[in-house]
$ cat target-v8.csv   # CSV, C-alpha atoms
chain,number,residue,atom,x,y,z
A,1,MET,CA,81.7,-29.7,-35.3
A,2,ALA,CA,82.3,-26.1,-36.3
A,3,GLU,CA,79.5,-23.6,-35.4
A,4,LYS,CA,78.8,-23.0,-39.1
A,5,ASP,CA,78.4,-26.7,-39.7
A,6,LYS,CA,76.0,-26.9,-36.7
A,7,LEU,CA,73.9,-24.2,-38.2
A,8,ALA,CA,73.9,-26.0,-41.6
A,9,VAL,CA,72.8,-29.2,-40.0
A,10,GLY,CA,69.9,-27.4,-38.2
A,11,LYS,CA,68.8,-25.8,-41.4
A,12,GLU,CA,68.6,-29.1,-43.2
A,13,SER,CA,67.0,-31.1,-40.4
A,14,GLU,CA,64.2,-33.4,-41.5
A,15,GLY,CA,61.7,-31.9,-39.0
A,16,GLY,CA,62.2,-28.4,-40.5
A,17,ILE,CA,60.7,-25.7,-38.4
A,18,THR,CA,59.4,-28.4,-35.9
A,19,SER,CA,62.9,-29.4,-35.0
A,20,SER,CA,65.2,-26.4,-35.4
A,21,TYR,CA,65.3,-22.6,-35.9
A,22,SER,CA,68.9,-22.5,-36.9
A,23,VAL,CA,69.8,-20.5,-40.0
A,24,ASP,CA,73.1,-20.6,-41.8
A,25,ASP,CA,73.3,-16.8,-42.6
A,26,GLY,CA,76.5,-15.8,-40.9
A,27,VAL,CA,74.9,-13.9,-38.0
A,28,VAL,CA,76.8,-14.3,-34.7
A,29,LEU,CA,74.3,-14.9,-32.0
A,30,LYS,CA,74.6,-14.0,-28.3
A,31,VAL,CA,71.4,-15.8,-27.4
A,32,PRO,CA,70.0,-18.2,-30.0
A,33,TYR,CA,66.5,-19.7,-29.8
A,34,SER,CA,67.0,-23.1,-28.3
A,35,PHE,CA,64.9,-26.1,-29.3
A,36,PHE,CA,65.4,-27.8,-25.9
A,37,GLY,CA,63.1,-26.4,-23.3
A,38,SER,CA,64.0,-28.5,-20.2
A,39,ILE,CA,67.0,-29.8,-18.2
A,40,TYR,CA,68.2,-33.4,-18.3
A,41,ASP,CA,70.8,-34.8,-15.9
A,42,GLU,CA,71.9,-38.1,-14.4
A,43,ALA,CA,68.3,-38.9,-13.3
A,44,GLU,CA,67.0,-39.1,-16.9
A,45,GLU,CA,70.1,-40.9,-18.1
A,46,GLN,CA,69.9,-43.6,-15.4
A,47,ALA,CA,66.1,-44.1,-15.9
A,48,LEU,CA,66.7,-44.5,-19.6
A,49,LEU,CA,69.5,-47.1,-19.2
A,50,THR,CA,67.5,-49.1,-16.6
A,51,THR,CA,64.4,-49.1,-18.8
A,52,MET,CA,66.3,-50.4,-21.8
A,53,HIS,CA,66.6,-53.7,-20.0
A,54,GLU,CA,62.9,-54.2,-19.6
A,55,ASP,CA,61.2,-57.1,-21.4
A,56,SER,CA,58.7,-54.8,-23.1
A,57,LEU,CA,59.6,-51.3,-24.3
A,58,THR,CA,56.1,-49.9,-24.9
A,59,MET,CA,53.1,-49.1,-22.6
A,60,GLY,CA,54.5,-50.8,-19.6
A,61,PRO,CA,55.1,-49.9,-15.9
A,62,GLN,CA,57.1,-46.8,-16.6
A,63,VAL,CA,54.3,-45.3,-18.7
A,64,GLN,CA,51.8,-46.3,-16.0
A,65,LYS,CA,53.9,-44.6,-13.4
A,66,PHE,CA,54.1,-41.4,-15.5
A,67,GLN,CA,50.4,-41.4,-16.1
A,68,ASN,CA,49.6,-41.9,-12.4
A,69,GLY,CA,52.0,-39.1,-11.4
A,70,PHE,CA,50.6,-36.7,-14.1
A,71,ALA,CA,47.0,-37.3,-13.0
A,72,LYS,CA,48.0,-36.5,-9.4
A,73,MET,CA,49.8,-33.3,-10.5
A,74,CYS,CA,46.8,-32.1,-12.5
A,75,GLY,CA,44.2,-33.2,-10.0
A,76,THR,CA,42.3,-35.4,-12.5
A,77,LYS,CA,40.9,-38.9,-12.2
A,78,TYR,CA,42.7,-40.1,-15.4
A,79,ALA,CA,45.8,-39.4,-17.5
A,80,PHE,CA,46.6,-41.4,-20.6
A,81,ALA,CA,50.1,-41.1,-22.3
A,82,VAL,CA,50.2,-40.9,-26.0
A,83,SER,CA,52.8,-40.2,-28.7
A,84,ASN,CA,52.4,-36.4,-28.9
A,85,CYS,CA,49.9,-33.6,-28.3
A,86,THR,CA,48.5,-33.8,-31.8
A,87,THR,CA,47.6,-37.5,-31.3
A,88,ALA,CA,46.2,-36.6,-27.9
A,89,MET,CA,43.8,-34.1,-29.5
A,90,CYS,CA,43.0,-36.5,-32.3
A,91,THR,CA,42.1,-39.2,-29.7
A,92,ALA,CA,40.0,-36.7,-27.7
A,93,ALA,CA,38.2,-35.5,-30.8
A,94,ALA,CA,37.3,-39.2,-31.6
A,95,ALA,CA,36.3,-39.9,-28.0
A,96,MET,CA,33.9,-37.0,-27.9
A,97,GLY,CA,32.4,-38.1,-31.2
A,98,LEU,CA,33.2,-35.2,-33.5
A,99,LYS,CA,31.7,-35.9,-37.0
A,100,PRO,CA,31.1,-34.2,-40.3
A,101,GLY,CA,28.7,-31.3,-39.9
A,102,ASP,CA,29.9,-30.5,-36.4
A,103,GLU,CA,31.4,-27.1,-35.6
A,104,VAL,CA,34.2,-26.5,-33.1
A,105,ILE,CA,34.9,-23.0,-31.8
A,106,THR,CA,38.7,-22.4,-31.3
A,107,THR,CA,41.4,-19.9,-31.4
A,108,PRO,CA,43.5,-19.0,-34.5
A,109,ASN,CA,46.5,-18.2,-32.3
A,110,THR,CA,47.9,-21.7,-32.0
A,111,PHE,CA,50.0,-24.3,-33.7
A,112,ILE,CA,48.1,-25.8,-36.6
A,113,ALA,CA,47.7,-29.2,-34.8
A,114,THR,CA,44.8,-27.8,-32.7
A,115,SER,CA,42.7,-27.4,-35.8
A,116,LEU,CA,44.0,-30.5,-37.5
A,117,ALA,CA,42.4,-32.6,-34.8
A,118,ILE,CA,39.1,-31.0,-35.7
A,119,VAL,CA,39.3,-31.3,-39.5
A,120,ARG,CA,40.5,-34.9,-39.4
A,121,GLU,CA,37.1,-35.9,-38.0
A,122,GLY,CA,35.4,-34.0,-40.8
A,123,ALA,CA,34.3,-31.2,-38.4
A,124,THR,CA,34.7,-27.5,-39.0
A,125,PRO,CA,36.8,-25.1,-37.0
A,126,VAL,CA,35.1,-21.8,-36.3
A,127,PHE,CA,37.7,-19.1,-35.2
A,128,ALA,CA,37.0,-16.7,-32.4
A,129,ASP,CA,39.4,-13.7,-31.8
A,130,ILE,CA,41.9,-13.3,-29.0
A,131,ASP,CA,42.3,-11.0,-26.0
A,132,PRO,CA,45.1,-8.6,-27.1
A,133,ARG,CA,46.7,-8.7,-23.6
A,134,THR,CA,46.8,-12.4,-22.8
A,135,PHE,CA,46.7,-13.6,-26.5
A,136,ASN,CA,44.2,-16.3,-25.4
A,137,ILE,CA,40.8,-16.9,-26.9
A,138,ASP,CA,38.4,-14.1,-25.8
A,139,PRO,CA,35.4,-15.5,-24.0
A,140,SER,CA,33.3,-12.6,-25.1
A,141,LYS,CA,33.9,-13.6,-28.7
A,142,ILE,CA,32.9,-17.3,-28.2
A,143,GLU,CA,29.2,-17.2,-27.6
A,144,GLU,CA,28.5,-15.1,-30.8
A,145,LYS,CA,30.0,-18.0,-32.8
A,146,VAL,CA,27.7,-20.7,-31.2
A,147,THR,CA,25.2,-22.3,-33.7
A,148,ASN,CA,23.0,-25.4,-33.6
A,149,LYS,CA,25.9,-27.2,-35.2
A,150,THR,CA,28.4,-26.3,-32.5
A,151,LYS,CA,29.7,-29.4,-30.6
A,152,ALA,CA,32.7,-28.2,-28.7
A,153,ILE,CA,35.1,-25.5,-27.8
A,154,PHE,CA,38.9,-26.1,-28.1
A,155,VAL,CA,40.8,-23.5,-26.0
A,156,VAL,CA,44.6,-23.1,-26.0
A,157,HIS,CA,46.6,-21.8,-23.0
A,158,TYR,CA,49.0,-19.7,-25.0
A,159,GLY,CA,52.6,-19.2,-23.8
A,160,GLY,CA,51.9,-20.9,-20.4
A,161,GLN,CA,49.0,-18.6,-19.2
A,162,MET,CA,45.6,-20.2,-18.9
A,163,CYS,CA,42.5,-18.9,-20.6
A,164,ASP,CA,39.7,-17.2,-18.6
A,165,MET,CA,38.0,-20.5,-18.0
A,166,ASP,CA,35.0,-19.6,-15.8
A,167,PRO,CA,33.1,-17.8,-18.5
A,168,ILE,CA,34.1,-20.4,-21.1
A,169,MET,CA,32.7,-23.2,-19.0
A,170,GLU,CA,29.6,-21.2,-18.4
A,171,ILE,CA,29.0,-20.8,-22.1
A,172,ALA,CA,29.7,-24.6,-22.6
A,173,LYS,CA,27.2,-25.5,-19.9
A,174,LYS,CA,24.6,-23.1,-21.3
A,175,HIS,CA,24.9,-24.7,-24.8
A,176,ASN,CA,25.8,-28.2,-23.8
A,177,LEU,CA,29.2,-28.1,-25.4
A,178,ILE,CA,32.3,-30.2,-24.8
A,179,VAL,CA,35.5,-28.3,-23.8
A,180,LEU,CA,39.0,-29.4,-24.7
A,181,GLU,CA,42.0,-27.6,-23.2
A,182,ASP,CA,45.1,-27.6,-25.4
A,183,CYS,CA,47.7,-27.5,-22.6
A,184,ALA,CA,50.7,-27.9,-24.8
A,185,HIS,CA,52.3,-24.8,-23.2
A,186,ALA,CA,50.9,-25.2,-19.8
A,187,PRO,CA,51.9,-28.2,-17.6
A,188,GLY,CA,51.5,-27.0,-14.1
A,189,ALA,CA,49.9,-23.7,-15.0
A,190,GLU,CA,46.9,-22.6,-12.9
A,191,TYR,CA,43.7,-20.7,-13.1
A,192,LYS,CA,42.2,-19.7,-9.7
A,193,GLY,CA,44.1,-22.5,-8.1
A,194,ARG,CA,43.0,-25.2,-10.6
A,195,LYS,CA,45.5,-26.9,-12.8
A,196,ALA,CA,45.5,-26.8,-16.6
A,197,GLY,CA,43.8,-29.9,-18.0
A,198,SER,CA,41.5,-30.2,-15.0
A,199,ILE,CA,38.7,-27.8,-15.8
A,200,GLY,CA,37.5,-28.8,-19.3
A,201,ASP,CA,36.3,-32.3,-20.4
A,202,PHE,CA,39.7,-33.1,-21.8
A,203,GLY,CA,43.2,-31.7,-21.3
A,204,CYS,CA,45.9,-32.4,-23.9
A,205,PHE,CA,49.6,-31.9,-23.2
A,206,SER,CA,52.8,-31.9,-25.2
A,207,PHE,CA,56.2,-33.2,-24.3
A,208,HIS,CA,57.9,-32.0,-27.5
A,209,SER,CA,61.5,-30.9,-27.3
A,210,LEU,CA,60.6,-27.3,-26.8
A,211,LYS,CA,58.1,-27.8,-24.0
A,212,ASN,CA,58.5,-27.2,-20.2
A,213,ILE,CA,59.1,-30.9,-19.8
A,214,THR,CA,60.0,-33.3,-22.6
A,215,THR,CA,60.0,-37.1,-23.1
A,216,LEU,CA,62.9,-37.5,-25.5
A,217,GLY,CA,61.7,-35.0,-28.0
A,218,GLU,CA,58.1,-36.1,-28.5
A,219,GLY,CA,55.2,-37.3,-26.3
A,220,GLY,CA,51.8,-36.3,-25.0
A,221,MET,CA,49.1,-36.8,-22.3
A,222,ILE,CA,45.3,-36.7,-22.2
A,223,THR,CA,43.6,-35.9,-18.9
A,224,CYS,CA,39.9,-36.3,-18.0
A,225,ASN,CA,37.5,-37.0,-15.2
A,226,SER,CA,34.9,-38.9,-17.1
A,227,ASP,CA,34.7,-42.7,-16.9
A,228,VAL,CA,33.0,-42.8,-20.3
A,229,TYR,CA,35.6,-40.7,-22.0
A,230,ALA,CA,38.4,-42.6,-20.2
A,231,GLU,CA,37.3,-45.9,-21.5
A,232,ARG,CA,37.1,-44.6,-25.1
A,233,ILE,CA,40.5,-42.9,-24.9
A,234,ASP,CA,42.2,-46.0,-23.5
A,235,LYS,CA,41.0,-48.1,-26.5
A,236,ILE,CA,41.3,-45.5,-29.3
A,237,ARG,CA,44.9,-44.7,-28.6
A,238,CYS,CA,45.7,-48.5,-28.9
A,239,MET,CA,43.9,-49.5,-32.1
A,240,ASN,CA,40.6,-50.4,-30.4
A,241,ASN,CA,41.9,-53.8,-29.4
A,242,VAL,CA,39.9,-55.4,-26.6
A,243,ASN,CA,39.5,-58.9,-25.0
A,244,TRP,CA,36.9,-61.2,-26.4
A,245,GLU,CA,33.7,-61.3,-24.3
A,246,ASN,CA,33.8,-65.1,-24.3
A,247,GLN,CA,37.6,-65.5,-23.8
A,248,THR,CA,38.3,-68.8,-22.1
A,249,ASP,CA,42.1,-69.0,-22.3
A,250,TYR,CA,44.4,-66.1,-23.2
A,251,TRP,CA,44.8,-67.4,-26.7
A,252,LEU,CA,41.1,-68.5,-27.3
A,253,PRO,CA,39.4,-67.6,-29.5
A,254,SER,CA,42.4,-65.4,-30.3
A,255,HIS,CA,44.6,-63.0,-28.5
A,256,PHE,CA,42.3,-60.0,-28.9
A,257,ASP,CA,39.2,-58.6,-30.6
A,258,ASN,CA,38.9,-55.3,-32.4
A,259,ARG,CA,35.8,-53.2,-32.1
A,260,MET,CA,34.5,-49.8,-33.2
A,261,ILE,CA,34.7,-47.4,-30.2
A,262,ASN,CA,32.1,-44.6,-30.3
A,263,GLY,CA,31.8,-45.2,-34.1
A,264,LYS,CA,35.6,-44.5,-34.5
A,265,TRP,CA,38.6,-46.5,-35.7
A,266,GLY,CA,41.5,-46.7,-33.4
A,267,ASN,CA,45.1,-45.9,-34.0
A,268,ASN,CA,48.6,-46.6,-32.6
A,269,PHE,CA,49.3,-43.5,-30.5
A,270,ARG,CA,51.2,-45.3,-27.7
A,271,MET,CA,54.1,-44.0,-25.7
A,272,THR,CA,57.3,-46.0,-25.3
A,273,GLU,CA,58.7,-47.1,-21.9
A,274,CYS,CA,61.8,-45.1,-22.4
A,275,GLN,CA,59.7,-41.9,-22.8
A,276,GLY,CA,57.6,-42.9,-19.8
A,277,ALA,CA,60.7,-43.4,-17.7
A,278,VAL,CA,62.1,-40.0,-18.7
A,279,GLY,CA,58.7,-38.5,-18.1
A,280,VAL,CA,58.6,-39.7,-14.5
A,281,GLN,CA,61.9,-37.9,-13.9
A,282,GLN,CA,60.8,-34.8,-15.7
A,283,LEU,CA,57.6,-34.6,-13.8
A,284,GLU,CA,59.6,-34.6,-10.5
A,285,LYS,CA,61.5,-31.5,-11.9
A,286,LEU,CA,58.4,-29.8,-13.2
A,287,GLU,CA,57.9,-27.4,-10.3
A,288,MET,CA,61.6,-26.4,-10.4
A,289,LEU,CA,61.6,-26.0,-14.2
A,290,ASN,CA,58.5,-23.8,-14.1
A,291,ALA,CA,60.0,-21.8,-11.3
A,292,LYS,CA,63.1,-21.1,-13.3
A,293,ARG,CA,61.0,-20.0,-16.3
A,294,ILE,CA,58.9,-17.7,-14.1
A,295,GLU,CA,62.0,-16.2,-12.5
A,296,ASN,CA,63.6,-15.6,-16.0
A,297,GLY,CA,60.4,-14.2,-17.4
A,298,ARG,CA,59.9,-11.7,-14.6
A,299,TYR,CA,63.5,-10.7,-14.8
A,300,ILE,CA,63.1,-9.8,-18.5
A,301,SER,CA,59.8,-8.0,-17.8
A,302,GLU,CA,61.5,-5.8,-15.1
A,303,GLY,CA,64.4,-5.2,-17.4
A,304,ILE,CA,62.4,-3.9,-20.4
A,305,LYS,CA,59.7,-2.2,-18.4
A,306,GLY,CA,59.1,1.4,-19.5
A,307,ILE,CA,60.7,1.1,-22.9
A,308,LYS,CA,58.6,3.2,-25.3
A,309,GLY,CA,56.8,1.1,-27.8
A,310,VAL,CA,57.8,-2.2,-26.1
A,311,THR,CA,55.2,-4.2,-24.1
A,312,PRO,CA,56.4,-6.9,-21.8
A,313,VAL,CA,54.3,-10.0,-20.8
A,314,TYR,CA,51.1,-9.4,-19.0
A,315,GLU,CA,50.3,-11.7,-16.1
A,316,ASP,CA,46.6,-12.3,-15.4
A,317,PRO,CA,46.2,-12.1,-11.6
A,318,ASN,CA,43.8,-15.1,-11.8
A,319,CYS,CA,46.6,-17.3,-13.3
A,320,LYS,CA,49.9,-18.9,-12.5
A,321,HIS,CA,51.8,-18.1,-15.7
A,322,ILE,CA,54.5,-20.7,-16.3
A,323,TYR,CA,56.2,-18.8,-19.1
A,324,HIS,CA,56.5,-21.5,-21.8
A,325,LEU,CA,57.0,-18.5,-24.1
A,326,TYR,CA,58.2,-15.0,-23.4
A,327,THR,CA,56.2,-12.8,-25.8
A,328,VAL,CA,57.3,-9.2,-26.4
A,329,CYS,CA,54.9,-6.9,-28.3
A,330,ILE,CA,56.1,-4.0,-30.4
A,331,GLU,CA,53.6,-1.1,-30.6
A,332,GLU,CA,54.5,0.4,-34.0
A,333,LYS,CA,52.9,3.8,-33.7
A,334,GLU,CA,54.4,4.4,-30.3
A,335,LEU,CA,57.9,3.1,-31.2
A,336,GLY,CA,58.0,4.7,-34.7
A,337,ALA,CA,59.2,1.5,-36.3
A,338,SER,CA,57.7,-1.8,-37.3
A,339,ARG,CA,58.0,-5.1,-35.5
A,340,ASP,CA,59.9,-6.6,-38.4
A,341,ASP,CA,62.4,-3.7,-38.4
A,342,PHE,CA,62.9,-4.2,-34.7
A,343,MET,CA,63.5,-8.0,-35.1
A,344,ARG,CA,66.0,-7.5,-37.9
A,345,VAL,CA,68.2,-5.1,-35.7
A,346,LEU,CA,67.7,-7.3,-32.6
A,347,TYR,CA,68.9,-10.3,-34.6
A,348,LYS,CA,71.6,-9.0,-36.9
A,349,GLU,CA,73.1,-6.3,-34.7
A,350,GLU,CA,72.3,-7.4,-31.1
A,351,GLY,CA,72.6,-11.2,-31.6
A,352,VAL,CA,69.2,-12.1,-30.0
A,353,GLN,CA,67.1,-14.5,-32.1
A,354,GLY,CA,63.4,-13.8,-31.9
A,355,ILE,CA,60.7,-16.2,-33.2
A,356,LEU,CA,57.0,-15.7,-34.2
A,357,HIS,CA,54.1,-17.7,-32.7
A,358,TYR,CA,51.5,-18.2,-34.3
A,359,GLN,CA,50.2,-17.3,-37.7
A,360,PRO,CA,46.4,-17.4,-37.7
A,361,THR,CA,45.4,-20.9,-38.7
A,362,TYR,CA,42.9,-19.9,-41.3
A,363,GLU,CA,45.6,-18.1,-43.3
A,364,PHE,CA,47.5,-21.3,-44.2
A,365,SER,CA,47.0,-22.5,-47.8
A,366,SER,CA,45.3,-25.7,-46.6
A,367,PHE,CA,42.6,-23.7,-44.9
A,368,GLN,CA,42.3,-21.2,-47.7
A,369,GLU,CA,41.5,-24.2,-49.9
A,370,LEU,CA,38.7,-25.1,-47.5
A,371,GLY,CA,37.2,-21.6,-48.2
A,372,TYR,CA,38.2,-19.6,-45.1
A,373,GLY,CA,38.6,-15.9,-45.5
A,374,LYS,CA,41.7,-13.9,-44.6
A,375,HIS,CA,40.4,-11.3,-42.2
A,376,LEU,CA,38.4,-13.2,-39.6
A,377,CYS,CA,40.1,-12.2,-36.3
A,378,PRO,CA,41.6,-8.7,-36.3
A,379,ASN,CA,43.3,-9.0,-33.0
A,380,ALA,CA,45.0,-12.3,-33.9
A,381,GLU,CA,46.1,-10.9,-37.2
A,382,ASP,CA,47.5,-7.7,-35.7
A,383,PHE,CA,49.2,-9.8,-33.0
A,384,PHE,CA,51.0,-12.1,-35.4
A,385,HIS,CA,51.8,-9.7,-38.3
A,386,ARG,CA,52.6,-6.5,-36.5
A,387,ARG,CA,53.1,-6.9,-32.8
A,388,GLU,CA,54.6,-10.0,-31.3
A,389,PHE,CA,57.8,-12.0,-31.2
A,390,ASN,CA,59.2,-14.5,-28.7
A,391,THR,CA,62.6,-14.1,-27.1
A,392,PRO,CA,64.7,-17.2,-26.3
A,393,HIS,CA,63.2,-18.7,-23.2
A,394,HIS,CA,64.1,-21.9,-21.3
A,395,PRO,CA,65.3,-22.8,-17.8
A,396,ARG,CA,69.0,-23.0,-18.8
A,397,LEU,CA,69.3,-19.3,-19.6
A,398,THR,CA,72.1,-17.7,-17.6
A,399,LYS,CA,72.1,-14.2,-16.1
A,400,THR,CA,74.4,-13.2,-19.0
A,401,ASP,CA,71.9,-14.5,-21.5
A,402,LEU,CA,69.0,-12.7,-19.8
A,403,ASP,CA,71.0,-9.5,-19.6
A,404,ASN,CA,71.9,-9.8,-23.3
A,405,ILE,CA,68.2,-10.2,-24.1
A,406,ILE,CA,67.3,-7.1,-22.1
A,407,GLU,CA,70.2,-5.0,-23.4
A,408,GLY,CA,69.5,-6.1,-26.9
A,409,ILE,CA,65.9,-5.0,-26.7
A,410,LYS,CA,66.9,-1.7,-25.1
A,411,ASN,CA,69.5,-1.0,-27.7
A,412,THR,CA,67.3,-2.0,-30.6
A,413,ALA,CA,64.5,0.3,-29.3
A,414,LYS,CA,67.0,3.2,-29.3
A,415,LYS,CA,68.3,2.4,-32.8
A,416,VAL,CA,64.9,2.0,-34.6
A,417,GLY,CA,62.7,4.3,-32.5
A,418,LYS,CA,61.7,7.8,-33.5
$ encode --input "target-v8.csv" --output "C-alpha cells"
Amino acid sequence: MAEKDKLAVGKESEGGITSSYSVDDGVVLKVPYSFFGSIYDEAEEQALLTTMHEDSLTMGPQVQKFQNGFAKMCGTKYAFAVSNCTTAMCTAAAAMGLKPGDEVITTPNTFIATSLAIVREGATPVFADIDPRTFNIDPSKIEEKVTNKTKAIFVVHYGGQMCDMDPIMEIAKKHNLIVLEDCAHAPGAEYKGRKAGSIGDFGCFSFHSLKNITTLGEGGMITCNSDVYAERIDKIRCMNNVNWENQTDYWLPSHFDNRMINGKWGNNFRMTECQGAVGVQQLEKLEMLNAKRIENGRYISEGIKGIKGVTPVYEDPNCKHIYHLYTVCIEEKELGASRDDFMRVLYKEEGVQGILHYQPTYEFSSFQELGYGKHLCPNAEDFFHRREFNTPHHPRLTKTDLDNIIEGIKNTAKKVGK
C-alpha cells in the first residue's frame, strides 16, 4: 500500500482520534506519531495461536494468569481484567456506590473517560487545577473543593508520572473519601517506592494500543486490596451473575441467578482469553518496555535542555516516571512565538508530528450542556491551549528518530524564536 493510501486509511478509520493520528495532507514525516506503544514478537504470536485452541475464549486460565501476575507486579491483593480502562473506572464507580447527588473531585487534564465514569452514575465531577510542572492534579487545590456531598477523589497519573499521593491520601482520610487512581498511563510507575494502583482504594489501567503494554488494542485492569470491593467488582464486570444459594445440581434451579450488587446493575466488561494470553507476555516485557521509554525520554530531555522558551519533562524525585508521554512545553513570552506556531513549523518543515493531551474536560460540549463554566482551572487551560505538546514516544524509536525529534525542536526554536 502506498504511503498516501496508508494516510487516507488512517484518516478514515472508524475509531477516529482513538485509533489513528494520520492526516492525509501531503506532509512528509520523519517521525510520525505512532498509535502502537509497545513491542510484539514471537512470544505474543505463539501465545495467541496456542490460546485460539482453547475450549473457551473468554475469562479463562489465560485471563486468570494475567490477573495474578498483574496483582503481583502492583503489590495488590486483587486484580480484575476488564475490556478497557473506561469500563474499569465504570465498574469501580459502581462498586464504590456513586449515586446522583454525589460529587467527585478530579482533574480536567485527562481523557474524557475519567469523568464519564462519574457522570454515568449520576454523580458530579468537580474539577481541581493541576500542578504546572507535573501536570497532575494539585493536592493543594483538592481540599478547597471538598463539600458534604464529596464522595471520592479520582486522580490521574498523567504521562507516566504519579501524582503526589501522600497529601491526597491524607485529605481522603480526613474527609472519609474514596480514592481512585486512573493509571492508564502508569503501569509500573512508582511513588516513593509504591506502585501505581496500590495506594488508592482502586487502580484502573489501560491496555489500549497506545499504552506501555497493550492487549490487542484494548483491555483494562482494576486493582484493589479490599475484600468488599473485590467481591463487587468480580460480579459487576460479569453482569452480576451468581450461583443460586440453594443450588443442588449445576443446572438446578437454573445455571445462575442474577442479583443487584451494591444497588447496581452489572454489565459485560469481560476480557477475552486471547487478550489475557497476550497480556501475560506483555507483562513479562513491562520492565524492559518502561526502561526503553525512560531512556528515550531522558535522551530527548538532555538534547533539548537549555533551548530558550522550550521546557523539557520534569521528573519528580519522589517518582519513577515511566514516560508514557513525552510532553514539551513552549513558553510563549520567553520564546517569542506561540505553541501553535512552533508546532506548525515542527510538523510541516521538520517532519515531527506533535499531539495535544488533554483539553480540559469541562470545555467539551457535553459538559457545557451540563452547565460547567469555561474558566475553572487556569493552569490546565494554559497548559493545553498555550504550552504543551507531545512528541512521538514509544519503545521502538531509533536513535535516528530521537535525534530527528531533538534537531527538529532545536531548528524550530531558531526559526520561530525572537
$ atom_distance --input "target-v8.csv" --atom1 "CA of Cys90 in chain A" --atom2 "CA of Cys204 in chain A"
9.8 Å
$ atom_distance --input "target-v8.csv" --atom1 "CA of Tyr299 in chain A" --atom2 "CA of Lys414 in chain A"
20.4 Å
$ closest_residue --input "target-v8.csv" --among "A:Lys30, A:Lys410, A:Lys285, A:Arg298" --to "Phe342 in chain A" --atoms "all atoms listed in the file"
A:Lys410
$ residues_around --input "target-v8.csv" --residues "Leu116 in chain A" --least-positions-apart "3" --cutoff "12 Å" --atoms "only C-alpha atoms" --output "list in words"
Cys85, Thr86, Thr87, Ala88, Met89, Cys90, Thr91, Ala93, Val104, Thr106, Pro108, Thr110, Phe111, Ile112, Ala113, Val119, Arg120, Glu121, Gly122, Ala123, Thr124, Pro125, Phe154, Thr361, Tyr362, Phe364, Ser366 and Phe367 of chain A
$ closest_residue --input "target-v8.csv" --among "A:Thr134, A:Asn243, A:Asn267, A:Asn212" --to "Tyr40 in chain A" --atoms "all atoms listed in the file"
A:Asn212
$ closest_residue --input "target-v8.csv" --among "A:Gln359, A:Asn404, A:Asn148, A:Thr214" --to "Gly279 in chain A" --atoms "all atoms listed in the file"
A:Thr214
$ residues_near_point --input "target-v8.csv" --point "(72.3, -9.2, -28.2)" --cutoff "12 Å" --atoms "only C-alpha atoms" --output "mmCIF file with C-alpha atoms, in the coordinates of the input"
data_model
loop_
_atom_site.group_PDB
_atom_site.id
_atom_site.type_symbol
_atom_site.label_atom_id
_atom_site.label_comp_id
_atom_site.auth_asym_id
_atom_site.auth_seq_id
_atom_site.Cartn_x
_atom_site.Cartn_y
_atom_site.Cartn_z
ATOM 1 C CA VAL A 27 74.900 -13.900 -38.000
ATOM 2 C CA VAL A 28 76.800 -14.300 -34.700
ATOM 3 C CA LEU A 29 74.300 -14.900 -32.000
ATOM 4 C CA LYS A 30 74.600 -14.000 -28.300
ATOM 5 C CA VAL A 31 71.400 -15.800 -27.400
ATOM 6 C CA PRO A 32 70.000 -18.200 -30.000
ATOM 7 C CA MET A 343 63.500 -8.000 -35.100
ATOM 8 C CA ARG A 344 66.000 -7.500 -37.900
ATOM 9 C CA VAL A 345 68.200 -5.100 -35.700
ATOM 10 C CA LEU A 346 67.700 -7.300 -32.600
ATOM 11 C CA TYR A 347 68.900 -10.300 -34.600
ATOM 12 C CA LYS A 348 71.600 -9.000 -36.900
ATOM 13 C CA GLU A 349 73.100 -6.300 -34.700
ATOM 14 C CA GLU A 350 72.300 -7.400 -31.100
ATOM 15 C CA GLY A 351 72.600 -11.200 -31.600
ATOM 16 C CA VAL A 352 69.200 -12.100 -30.000
ATOM 17 C CA GLN A 353 67.100 -14.500 -32.100
ATOM 18 C CA GLY A 354 63.400 -13.800 -31.900
ATOM 19 C CA THR A 391 62.600 -14.100 -27.100
ATOM 20 C CA PRO A 392 64.700 -17.200 -26.300
ATOM 21 C CA THR A 400 74.400 -13.200 -19.000
ATOM 22 C CA ASP A 401 71.900 -14.500 -21.500
ATOM 23 C CA LEU A 402 69.000 -12.700 -19.800
ATOM 24 C CA ASP A 403 71.000 -9.500 -19.600
ATOM 25 C CA ASN A 404 71.900 -9.800 -23.300
ATOM 26 C CA ILE A 405 68.200 -10.200 -24.100
ATOM 27 C CA ILE A 406 67.300 -7.100 -22.100
ATOM 28 C CA GLU A 407 70.200 -5.000 -23.400
ATOM 29 C CA GLY A 408 69.500 -6.100 -26.900
ATOM 30 C CA ILE A 409 65.900 -5.000 -26.700
ATOM 31 C CA LYS A 410 66.900 -1.700 -25.100
ATOM 32 C CA ASN A 411 69.500 -1.000 -27.700
ATOM 33 C CA THR A 412 67.300 -2.000 -30.600
#
$ residues_around --input "target-v8.csv" --residues "range 311-321 of chain A" --least-positions-apart "5" --cutoff "9 Å" --atoms "all atoms listed in the file" --output "PyMOL selection string"
chain A and resi 133-134+159-164+186+188-193+290+294+297-298+300-302+304-306+326-331
$ closest_residue --input "target-v8.csv" --among "A:Ile233, A:Cys238, A:Ser209, A:Glu144" --to "Ile39 in chain A" --atoms "only C-alpha atoms"
A:Ser209
$ atom_distance --input "target-v8.csv" --atom1 "CA of Tyr358 in chain A" --atom2 "CA of Phe384 in chain A"
6.2 Å
$ closest_residue --input "target-v8.csv" --among "A:Asp341, A:Asp234, A:Glu381, A:Glu332" --to "Val82 in chain A" --atoms "only C-alpha atoms"
A:Asp234
